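Novice: Structure file query.pdb, PDB, C-alpha atoms, is pasted below:
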```pdb
MODEL        1
ATOM      1  CA  MET A 911    -110.769  92.096 -38.597
ATOM      2  CA  ASP A 912    -110.133  92.171 -34.882
ATOM      3  CA  ALA A 913    -109.582  88.853 -33.167
ATOM      4  CA  ASN A 914    -111.965  89.911 -30.416
ATOM      5  CA  VAL A 915    -114.975  89.725 -32.702
ATOM      6  CA  MET A 916    -114.349  86.082 -33.520
ATOM      7  CA  PRO A 917    -116.336  83.386 -31.675
ATOM      8  CA  ALA A 918    -114.940  82.870 -28.196
ATOM      9  CA  ALA A 919    -113.022  79.682 -27.496
ATOM     10  CA  SER A 920    -114.936  76.858 -25.870
ATOM     11  CA  PRO A 921    -114.105  73.290 -24.843
ATOM     12  CA  VAL A 922    -115.715  71.947 -28.022
ATOM     13  CA  ARG A 923    -114.539  74.504 -30.593
ATOM     14  CA  PRO A 924    -111.031  74.102 -32.055
ATOM     15  CA  SER A 925    -108.993  77.279 -31.646
ATOM     16  CA  ASP A 926    -105.411  76.588 -32.783
ATOM     17  CA  PRO A 927    -105.016  78.131 -36.285
ATOM     18  CA  ARG A 928    -102.165  75.729 -37.066
ATOM     19  CA  VAL A 929    -104.504  72.770 -36.611
ATOM     20  CA  ILE A 930    -107.295  74.419 -38.606
ATOM     21  CA  LEU A 931    -104.940  75.303 -41.467
ATOM     22  CA  GLY A 932    -103.420  71.830 -41.543
ATOM     23  CA  SER A 933    -106.818  70.154 -41.435
ATOM     24  CA  VAL A 934    -108.159  72.347 -44.250
ATOM     25  CA  LEU A 935    -105.119  71.623 -46.424
ATOM     26  CA  LEU A 936    -105.487  67.907 -45.741
ATOM     27  CA  VAL A 937    -109.159  67.924 -46.742
ATOM     28  CA  VAL A 938    -108.582  70.004 -49.891
ATOM     29  CA  VAL A 939    -105.657  67.876 -51.098
ATOM     30  CA  ALA A 940    -107.553  64.650 -50.414
ATOM     31  CA  ALA A 941    -110.659  65.915 -52.229
ATOM     32  CA  ALA A 942    -108.564  66.893 -55.236
ATOM     33  CA  ALA A 943    -106.289  63.866 -55.448
ATOM     34  CA  THR A 944    -107.133  60.780 -53.399
ATOM     35  CA  ILE A 945    -110.902  60.516 -52.823
ATOM     36  CA  ARG A 946    -112.437  58.630 -55.756
ATOM     37  CA  THR A 947    -115.995  57.656 -54.811
ATOM     38  CA  THR A 948    -119.179  59.699 -54.492
ATOM     39  CA  PRO A 949    -120.243  58.264 -51.078
ATOM     40  CA  ALA A 950    -116.793  59.041 -49.634
ATOM     41  CA  MET A 951    -116.879  62.588 -50.982
ATOM     42  CA  LEU A 952    -120.390  63.032 -49.577
ATOM     43  CA  ALA A 953    -119.182  61.866 -46.154
ATOM     44  CA  VAL A 954    -116.322  64.382 -46.240
ATOM     45  CA  LEU A 955    -118.755  67.151 -47.235
ATOM     46  CA  ALA A 956    -120.984  66.299 -44.266
ATOM     47  CA  PHE A 957    -117.928  66.431 -41.983
ATOM     48  CA  VAL A 958    -116.809  69.802 -43.359
ATOM     49  CA  CYS A 959    -120.318  71.266 -43.024
ATOM     50  CA  GLY A 960    -120.490  70.132 -39.399
ATOM     51  CA  TRP A 961    -117.028  71.579 -38.835
ATOM     52  CA  HIS A 962    -118.152  74.880 -40.414
ATOM     53  CA  ALA A 963    -121.181  75.101 -38.125
ATOM     54  CA  LEU A 964    -118.998  74.361 -35.104
ATOM     55  CA  ALA A 965    -116.258  76.826 -36.042
ATOM     56  CA  THR A 966    -118.625  79.718 -36.771
ATOM     57  CA  ALA A 967    -121.162  78.849 -34.029
ATOM     58  CA  ARG A 968    -123.850  79.877 -36.540
ATOM     59  CA  PRO A 969    -125.515  76.961 -38.392
ATOM     60  CA  GLY A 970    -127.385  79.462 -40.537
ATOM     61  CA  SER A 971    -124.115  80.684 -42.025
ATOM     62  CA  THR A 972    -123.332  77.110 -43.051
ATOM     63  CA  VAL A 973    -126.633  76.887 -44.904
ATOM     64  CA  ARG A 974    -125.962  80.193 -46.642
ATOM     65  CA  ALA A 975    -122.454  79.111 -47.621
ATOM     66  CA  LEU A 976    -123.847  75.914 -49.140
ATOM     67  CA  GLY A 977    -126.467  77.970 -50.947
ATOM     68  CA  HIS A 978    -123.705  79.929 -52.678
ATOM     69  CA  VAL A 979    -122.145  76.680 -53.904
ATOM     70  CA  VAL A 980    -125.364  75.199 -55.304
ATOM     71  CA  PRO A 981    -125.512  77.249 -58.580
ATOM     72  CA  PHE A 982    -121.953  76.248 -59.510
ATOM     73  CA  ALA A 983    -122.675  72.630 -58.590
ATOM     74  CA  LEU A 984    -125.772  72.553 -60.795
ATOM     75  CA  VAL A 985    -123.812  73.924 -63.756
ATOM     76  CA  ILE A 986    -121.125  71.258 -63.266
ATOM     77  CA  VAL A 987    -123.715  68.474 -63.110
ATOM     78  CA  ALA A 988    -125.559  69.761 -66.192
ATOM     79  CA  LEU A 989    -122.407  70.148 -68.304
ATOM     80  CA  ASN A 990    -121.075  66.709 -67.409
ATOM     81  CA  THR A 991    -124.438  65.064 -68.019
ATOM     82  CA  VAL A 992    -124.641  66.549 -71.508
ATOM     83  CA  LEU A 993    -121.010  66.381 -72.607
ATOM     84  CA  VAL A 994    -119.697  63.098 -71.173
ATOM     85  CA  PRO A 995    -120.489  60.080 -73.397
ATOM     86  CA  GLY A 996    -122.024  56.943 -71.977
ATOM     87  CA  GLU A 997    -125.290  55.075 -71.471
ATOM     88  CA  PRO A 998    -128.080  57.476 -72.458
ATOM     89  CA  ILE A 999    -130.698  58.454 -69.879
ATOM     90  CA  ALA A1000    -132.371  60.975 -72.175
ATOM     91  CA  THR A1001    -132.577  61.067 -75.974
ATOM     92  CA  LEU A1002    -133.912  63.520 -78.514
ATOM     93  CA  GLY A1003    -134.590  62.355 -82.048
ATOM     94  CA  GLY A1004    -132.543  59.225 -81.437
ATOM     95  CA  HIS A1005    -129.521  61.193 -80.247
ATOM     96  CA  ARG A1006    -128.166  61.083 -76.731
ATOM     97  CA  VAL A1007    -128.581  64.342 -74.833
ATOM     98  CA  ALA A1008    -127.699  63.074 -71.339
ATOM     99  CA  SER A1009    -125.657  60.128 -70.123
ATOM    100  CA  ARG A1010    -125.666  58.143 -66.890
ATOM    101  CA  GLU A1011    -121.875  58.273 -66.622
ATOM    102  CA  GLY A1012    -121.940  62.034 -67.135
ATOM    103  CA  LEU A1013    -124.526  62.425 -64.371
ATOM    104  CA  HIS A1014    -122.427  60.387 -61.960
ATOM    105  CA  ASP A1015    -119.263  62.325 -62.852
ATOM    106  CA  GLY A1016    -121.087  65.631 -62.519
ATOM    107  CA  ILE A1017    -122.376  64.783 -59.045
ATOM    108  CA  PHE A1018    -118.903  63.686 -57.962
ATOM    109  CA  PHE A1019    -117.199  66.844 -59.253
ATOM    110  CA  ALA A1020    -119.933  69.032 -57.737
ATOM    111  CA  LEU A1021    -119.349  67.398 -54.349
ATOM    112  CA  ARG A1022    -115.612  67.899 -54.761
ATOM    113  CA  LEU A1023    -116.142  71.604 -55.432
ATOM    114  CA  ALA A1024    -118.443  71.889 -52.418
ATOM    115  CA  VAL A1025    -115.893  70.206 -50.135
ATOM    116  CA  MET A1026    -113.101  72.533 -51.231
ATOM    117  CA  LEU A1027    -115.144  75.726 -50.988
ATOM    118  CA  MET A1028    -116.667  74.827 -47.620
ATOM    119  CA  ALA A1029    -113.234  73.931 -46.248
ATOM    120  CA  VAL A1030    -111.857  77.293 -47.351
ATOM    121  CA  SER A1031    -114.931  78.957 -45.839
ATOM    122  CA  VAL A1032    -114.091  77.275 -42.527
ATOM    123  CA  LEU A1033    -110.599  78.751 -42.693
ATOM    124  CA  ILE A1034    -111.914  82.242 -43.425
ATOM    125  CA  SER A1035    -114.885  82.234 -41.052
ATOM    126  CA  GLY A1036    -113.430  80.279 -38.160
ATOM    127  CA  THR A1037    -110.126  82.108 -37.676
ATOM    128  CA  ALA A1038    -109.040  85.722 -37.293
ATOM    129  CA  PRO A1039    -106.436  87.047 -39.757
ATOM    130  CA  GLU A1040    -104.024  87.860 -36.936
ATOM    131  CA  SER A1041    -104.178  84.443 -35.285
ATOM    132  CA  LEU A1042    -103.905  82.627 -38.620
ATOM    133  CA  ALA A1043    -100.870  84.724 -39.557
ATOM    134  CA  ARG A1044     -99.222  83.859 -36.247
ATOM    135  CA  GLY A1045    -100.044  80.179 -36.722
ATOM    136  CA  VAL A1046     -98.544  80.159 -40.220
ATOM    137  CA  HIS A1047     -95.462  81.957 -38.914
ATOM    138  CA  ASP A1048     -95.067  79.384 -36.165
ATOM    139  CA  LEU A1049     -95.116  76.580 -38.752
ATOM    140  CA  VAL A1050     -92.886  78.152 -41.413
ATOM    141  CA  ARG A1051     -90.269  79.538 -38.999
ATOM    142  CA  ARG A1052     -89.081  76.002 -38.335
ATOM    143  CA  ILE A1053     -87.945  75.878 -41.960
ATOM    144  CA  SER A1054     -86.996  79.500 -42.675
ATOM    145  CA  PRO A1055     -87.451  82.323 -40.118
ATOM    146  CA  ARG A1056     -87.012  84.984 -42.796
ATOM    147  CA  ALA A1057     -89.608  83.448 -45.090
ATOM    148  CA  ALA A1058     -91.957  82.957 -42.141
ATOM    149  CA  GLU A1059     -92.375  86.713 -41.624
ATOM    150  CA  LYS A1060     -93.150  87.283 -45.304
ATOM    151  CA  VAL A1061     -95.656  84.423 -45.479
ATOM    152  CA  ALA A1062     -97.331  85.564 -42.260
ATOM    153  CA  LEU A1063     -97.741  89.089 -43.649
ATOM    154  CA  PHE A1064     -99.152  87.726 -46.910
ATOM    155  CA  VAL A1065    -101.696  85.600 -45.012
ATOM    156  CA  PHE A1066    -102.678  88.540 -42.798
ATOM    157  CA  LEU A1067    -103.244  90.873 -45.746
ATOM    158  CA  SER A1068    -105.086  88.253 -47.809
ATOM    159  CA  MET A1069    -107.437  87.315 -44.966
ATOM    160  CA  GLY A1070    -108.012  90.937 -44.015
ATOM    161  CA  PHE A1071    -108.907  91.887 -47.584
ATOM    162  CA  VAL A1072    -111.672  89.276 -47.917
ATOM    163  CA  PRO A1073    -114.269  91.004 -45.664
ATOM    164  CA  LEU A1074    -113.388  94.382 -47.192
ATOM    165  CA  PHE A1075    -113.980  92.998 -50.678
ATOM    166  CA  ILE A1076    -117.294  91.401 -49.670
ATOM    167  CA  ASP A1077    -118.507  94.648 -48.085
ATOM    168  CA  GLU A1078    -117.484  96.559 -51.188
ATOM    169  CA  ILE A1079    -119.474  94.221 -53.435
ATOM    170  CA  ALA A1080    -122.571  94.679 -51.250
ATOM    171  CA  ARG A1081    -122.153  98.477 -51.217
ATOM    172  CA  ILE A1082    -121.722  98.733 -54.996
ATOM    173  CA  ARG A1083    -124.687  96.446 -55.676
ATOM    174  CA  VAL A1084    -126.911  98.624 -53.502
ATOM    175  CA  ALA A1085    -125.647 101.779 -55.218
ATOM    176  CA  GLN A1086    -126.179 100.298 -58.684
ATOM    177  CA  SER A1087    -129.678  99.093 -57.789
ATOM    178  CA  PHE A1088    -130.645 102.699 -56.935
ATOM    179  CA  ARG A1089    -129.404 103.659 -60.382
ATOM    180  CA  GLY A1090    -131.673 101.137 -62.078
ATOM    181  CA  GLY A1091    -129.478  98.055 -62.029
ATOM    182  CA  GLU A1092    -131.474  94.816 -61.678
ATOM    183  CA  PHE A1093    -129.845  91.951 -59.794
ATOM    184  CA  SER A1094    -132.843  89.662 -59.386
ATOM    185  CA  GLY A1095    -134.632  87.312 -61.758
ATOM    186  CA  GLY A1096    -133.424  84.365 -63.771
ATOM    187  CA  PHE A1097    -129.909  83.231 -64.492
ATOM    188  CA  VAL A1098    -129.698  85.078 -67.830
ATOM    189  CA  ARG A1099    -130.784  88.373 -66.272
ATOM    190  CA  ARG A1100    -128.319  87.979 -63.407
ATOM    191  CA  ALA A1101    -125.512  87.204 -65.831
ATOM    192  CA  GLY A1102    -126.365  90.282 -67.874
ATOM    193  CA  SER A1103    -126.272  92.492 -64.790
ATOM    194  CA  VAL A1104    -122.702  91.497 -63.924
ATOM    195  CA  ARG A1105    -121.247  94.297 -66.027
ATOM    196  CA  ALA A1106    -123.165  96.842 -63.916
ATOM    197  CA  TRP A1107    -121.064  96.086 -60.844
ATOM    198  CA  LEU A1108    -118.017  94.104 -61.958
ATOM    199  CA  VAL A1109    -115.958  97.072 -63.216
ATOM    200  CA  PRO A1110    -116.719  99.278 -60.155
ATOM    201  CA  VAL A1111    -115.817  96.387 -57.868
ATOM    202  CA  LEU A1112    -112.484  95.821 -59.603
ATOM    203  CA  MET A1113    -111.634  99.531 -59.527
ATOM    204  CA  SER A1114    -112.615  99.747 -55.876
ATOM    205  CA  ALA A1115    -110.513  96.675 -55.097
ATOM    206  CA  VAL A1116    -107.451  98.345 -56.611
ATOM    207  CA  HIS A1117    -108.153 101.506 -54.591
ATOM    208  CA  ARG A1118    -108.729  99.568 -51.355
ATOM    209  CA  SER A1119    -105.556  97.532 -51.862
ATOM    210  CA  GLY A1120    -103.573 100.762 -52.135
ATOM    211  CA  GLN A1121    -105.113 102.070 -48.923
ATOM    212  CA  LEU A1122    -104.413  98.778 -47.176
ATOM    213  CA  ALA A1123    -100.782  98.784 -48.302
ATOM    214  CA  LEU A1124    -100.357 102.366 -47.043
ATOM    215  CA  ALA A1125    -101.913 101.511 -43.674
ATOM    216  CA  VAL A1126     -99.657  98.483 -43.330
ATOM    217  CA  GLU A1127     -96.580 100.597 -44.030
ATOM    218  CA  LEU A1128     -97.546 103.448 -41.691
ATOM    219  CA  ARG A1129     -98.357 101.118 -38.806
ATOM    220  CA  GLN A1130     -95.187  99.077 -39.364
ATOM    221  CA  ILE A1131     -97.233  95.887 -39.331
ATOM    222  CA  PRO A1132     -94.531  93.714 -40.970
ATOM    223  CA  ALA A1133     -92.202  94.382 -38.027
ATOM    224  CA  ARG A1134     -94.838  94.058 -35.300
ATOM    225  CA  LEU A1135     -97.241  91.418 -36.613
ATOM    226  CA  VAL A1136     -95.891  88.202 -35.148
ATOM    227  CA  ARG A1137     -94.646  89.901 -31.956
ATOM    228  CA  THR A1138     -97.982  91.371 -30.888
ATOM    229  CA  ILE A1139    -100.158  88.268 -31.207
ATOM    230  CA  GLU A1140    -100.387  85.553 -28.614
ATOM    231  CA  VAL A1141     -98.612  82.352 -29.595
ATOM    232  CA  PRO A1142    -101.261  79.723 -30.501
ATOM    233  CA  ARG A1143    -101.675  76.838 -28.092
ATOM    234  CA  ALA A1144    -103.302  73.538 -28.991
ATOM    235  CA  ARG A1145    -106.079  72.212 -26.744
ATOM    236  CA  ALA A1146    -107.920  68.923 -26.512
ATOM    237  CA  ALA A1147    -110.483  70.037 -29.101
ATOM    238  CA  ASP A1148    -107.692  70.768 -31.579
ATOM    239  CA  ALA A1149    -106.234  67.286 -31.148
ATOM    240  CA  VAL A1150    -109.694  65.767 -31.627
ATOM    241  CA  LEU A1151    -110.235  67.795 -34.826
ATOM    242  CA  LEU A1152    -106.898  66.796 -36.308
ATOM    243  CA  LEU A1153    -107.365  63.131 -35.428
ATOM    244  CA  ALA A1154    -110.920  63.068 -36.824
ATOM    245  CA  THR A1155    -109.758  64.747 -40.041
ATOM    246  CA  VAL A1156    -106.903  62.290 -40.557
ATOM    247  CA  VAL A1157    -109.110  59.249 -39.874
ATOM    248  CA  LEU A1158    -111.864  60.489 -42.184
ATOM    249  CA  VAL A1159    -109.506  61.401 -45.016
ATOM    250  CA  VAL A1160    -107.677  58.069 -44.835
ATOM    251  CA  ALA A1161    -110.959  56.140 -44.759
ATOM    252  CA  ALA A1162    -112.411  58.167 -47.637
ATOM    253  CA  SER A1163    -109.217  57.781 -49.681
ATOM    254  CA  TRP A1164    -109.232  53.987 -49.250
ATOM    255  CA  SER A1165    -112.934  53.710 -50.064
ATOM    256  CA  ARG A1166    -113.615  52.011 -53.391
TER
ENDMDL
END
```
Output the structure of this file as structure tokens.

Specialist:
Amino acid sequence: MDANVMPAASPVRPSDPRVILGSVLLVVVAAAATIRTTPAMLAVLAFVCGWHALATARPGSTVRALGHVVPFALVIVALNTVLVPGEPIATLGGHRVASREGLHDGIFFALRLAVMLMAVSVLISGTAPESLARGVHDLVRRISPRAAEKVALFVFLSMGFVPLFIDEIARIRVAQSFRGGEFSGGFVRRAGSVRAWLVPVLMSAVHRSGQLALAVELRQIPARLVRTIEVPRARAADAVLLLATVVLVVAASWSR
């Protein structure tokens, strides 16, 4: 992905990949370890969604990203409601089939999943692979210059492979639909159709990864990567983002 196709920098859109990466890591770690209440997790989700809309400059993409999370969230809520013991909110033949505690836990874990996935989506959608690799290199080189080049290359390849993999999934689904594969309908039908595209996608991913590795070697990207990208520079918007993230995470972590 070329950095030129990313949203242009503006006074209100953070641009320093080091700040974005640090903020995403802070949110993910806090969601997984320190935030304990549903209202606090909901507040962090609202912040991340607003951040996603700002970083991508396309609010519609934020809605679509949330839409992809909803099915997983519903499964988490349903499983917790049924499996976690507690005060019954629904019974069948005198036996508990759903509990209030399970419903509360399910909502909390669903929000946690949404926060993590939306934060990662911000990292993928709001930064170019090249700039993120340079930002990671700039952070790691202070500890180990040799490791910094390897980590930067890993980040560059990982980020660059994501859009290729998504395009490949879309291409294979279209091809399989022309061959009679059905990808619409209820959850059971969709689950049954997975085998029609999962194996081709995995085989294509292996093939694409080989092509990507060959291209990287021929273009000598490991030697040129961090020397051909402009060094990231923090701006006022980056400082505001980092400060807002820290304040929100601390407040959410102390919320009881």

Novice: Carefully work through the PyMOL selection byres ((chain A and resi 954-960) around 7) for this structure and note down the residues it includes, as a ChimeraX atom specification.

Specialist: /A:950-953,961-964,972,1025,1028-1029

Novice: When distances are computed from all atoms listed in the file, which of A:Ile1017, A:Ile930, A:Val1116, A:Leu1002 shows the smallest separation from Phe982 in chain A?

Specialist: A:Ile1017

Novice: Which one is closest to Ala1024 in chain A: A:Ala941, A:Leu936, A:Val1084, A:Val1061? Count only C-alpha atoms.

Specialist: A:Ala941

Novice: Translate the PyMOL selection byres ((chain A and resi 1150-1155) around 10), as applied to the file shown, into an explicit residue set as a short mmCIF file (atom, residue, chain, number, x, y, z; two decimals) with C-alpha atoms, in the coordinates of the input.

Specialist:
```
data_model
loop_
_atom_site.label_atom_id
_atom_site.label_comp_id
_atom_site.auth_asym_id
_atom_site.auth_seq_id
_atom_site.Cartn_x
_atom_site.Cartn_y
_atom_site.Cartn_z
CA VAL A 922 -115.72 71.95 -28.02
CA ARG A 923 -114.54 74.50 -30.59
CA PRO A 924 -111.03 74.10 -32.06
CA VAL A 929 -104.50 72.77 -36.61
CA ILE A 930 -107.30 74.42 -38.61
CA GLY A 932 -103.42 71.83 -41.54
CA SER A 933 -106.82 70.15 -41.44
CA VAL A 934 -108.16 72.35 -44.25
CA LEU A 936 -105.49 67.91 -45.74
CA VAL A 937 -109.16 67.92 -46.74
CA VAL A 954 -116.32 64.38 -46.24
CA PHE A 957 -117.93 66.43 -41.98
CA VAL A 958 -116.81 69.80 -43.36
CA TRP A 961 -117.03 71.58 -38.84
CA ARG A 1145 -106.08 72.21 -26.74
CA ALA A 1146 -107.92 68.92 -26.51
CA ALA A 1147 -110.48 70.04 -29.10
CA ASP A 1148 -107.69 70.77 -31.58
CA ALA A 1149 -106.23 67.29 -31.15
CA VAL A 1156 -106.90 62.29 -40.56
CA VAL A 1157 -109.11 59.25 -39.87
CA LEU A 1158 -111.86 60.49 -42.18
CA VAL A 1159 -109.51 61.40 -45.02
CA VAL A 1160 -107.68 58.07 -44.84
CA ALA A 1161 -110.96 56.14 -44.76
#
```

Novice: Any idea what the distance is between CA of Val1032 in chain A and CA of Arg928 in chain A?

Specialist: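 A separation of 13.2 Å between them.
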
Novice: Please evaluate the PyMOL selection byres ((chain A and resi 1019) around 12) against the structure above and give the resulting residues as a PyMOL selection string.

Specialist: chain A and resi 941-943+945-948+951-952+982-991+1012-1018+1020-1026
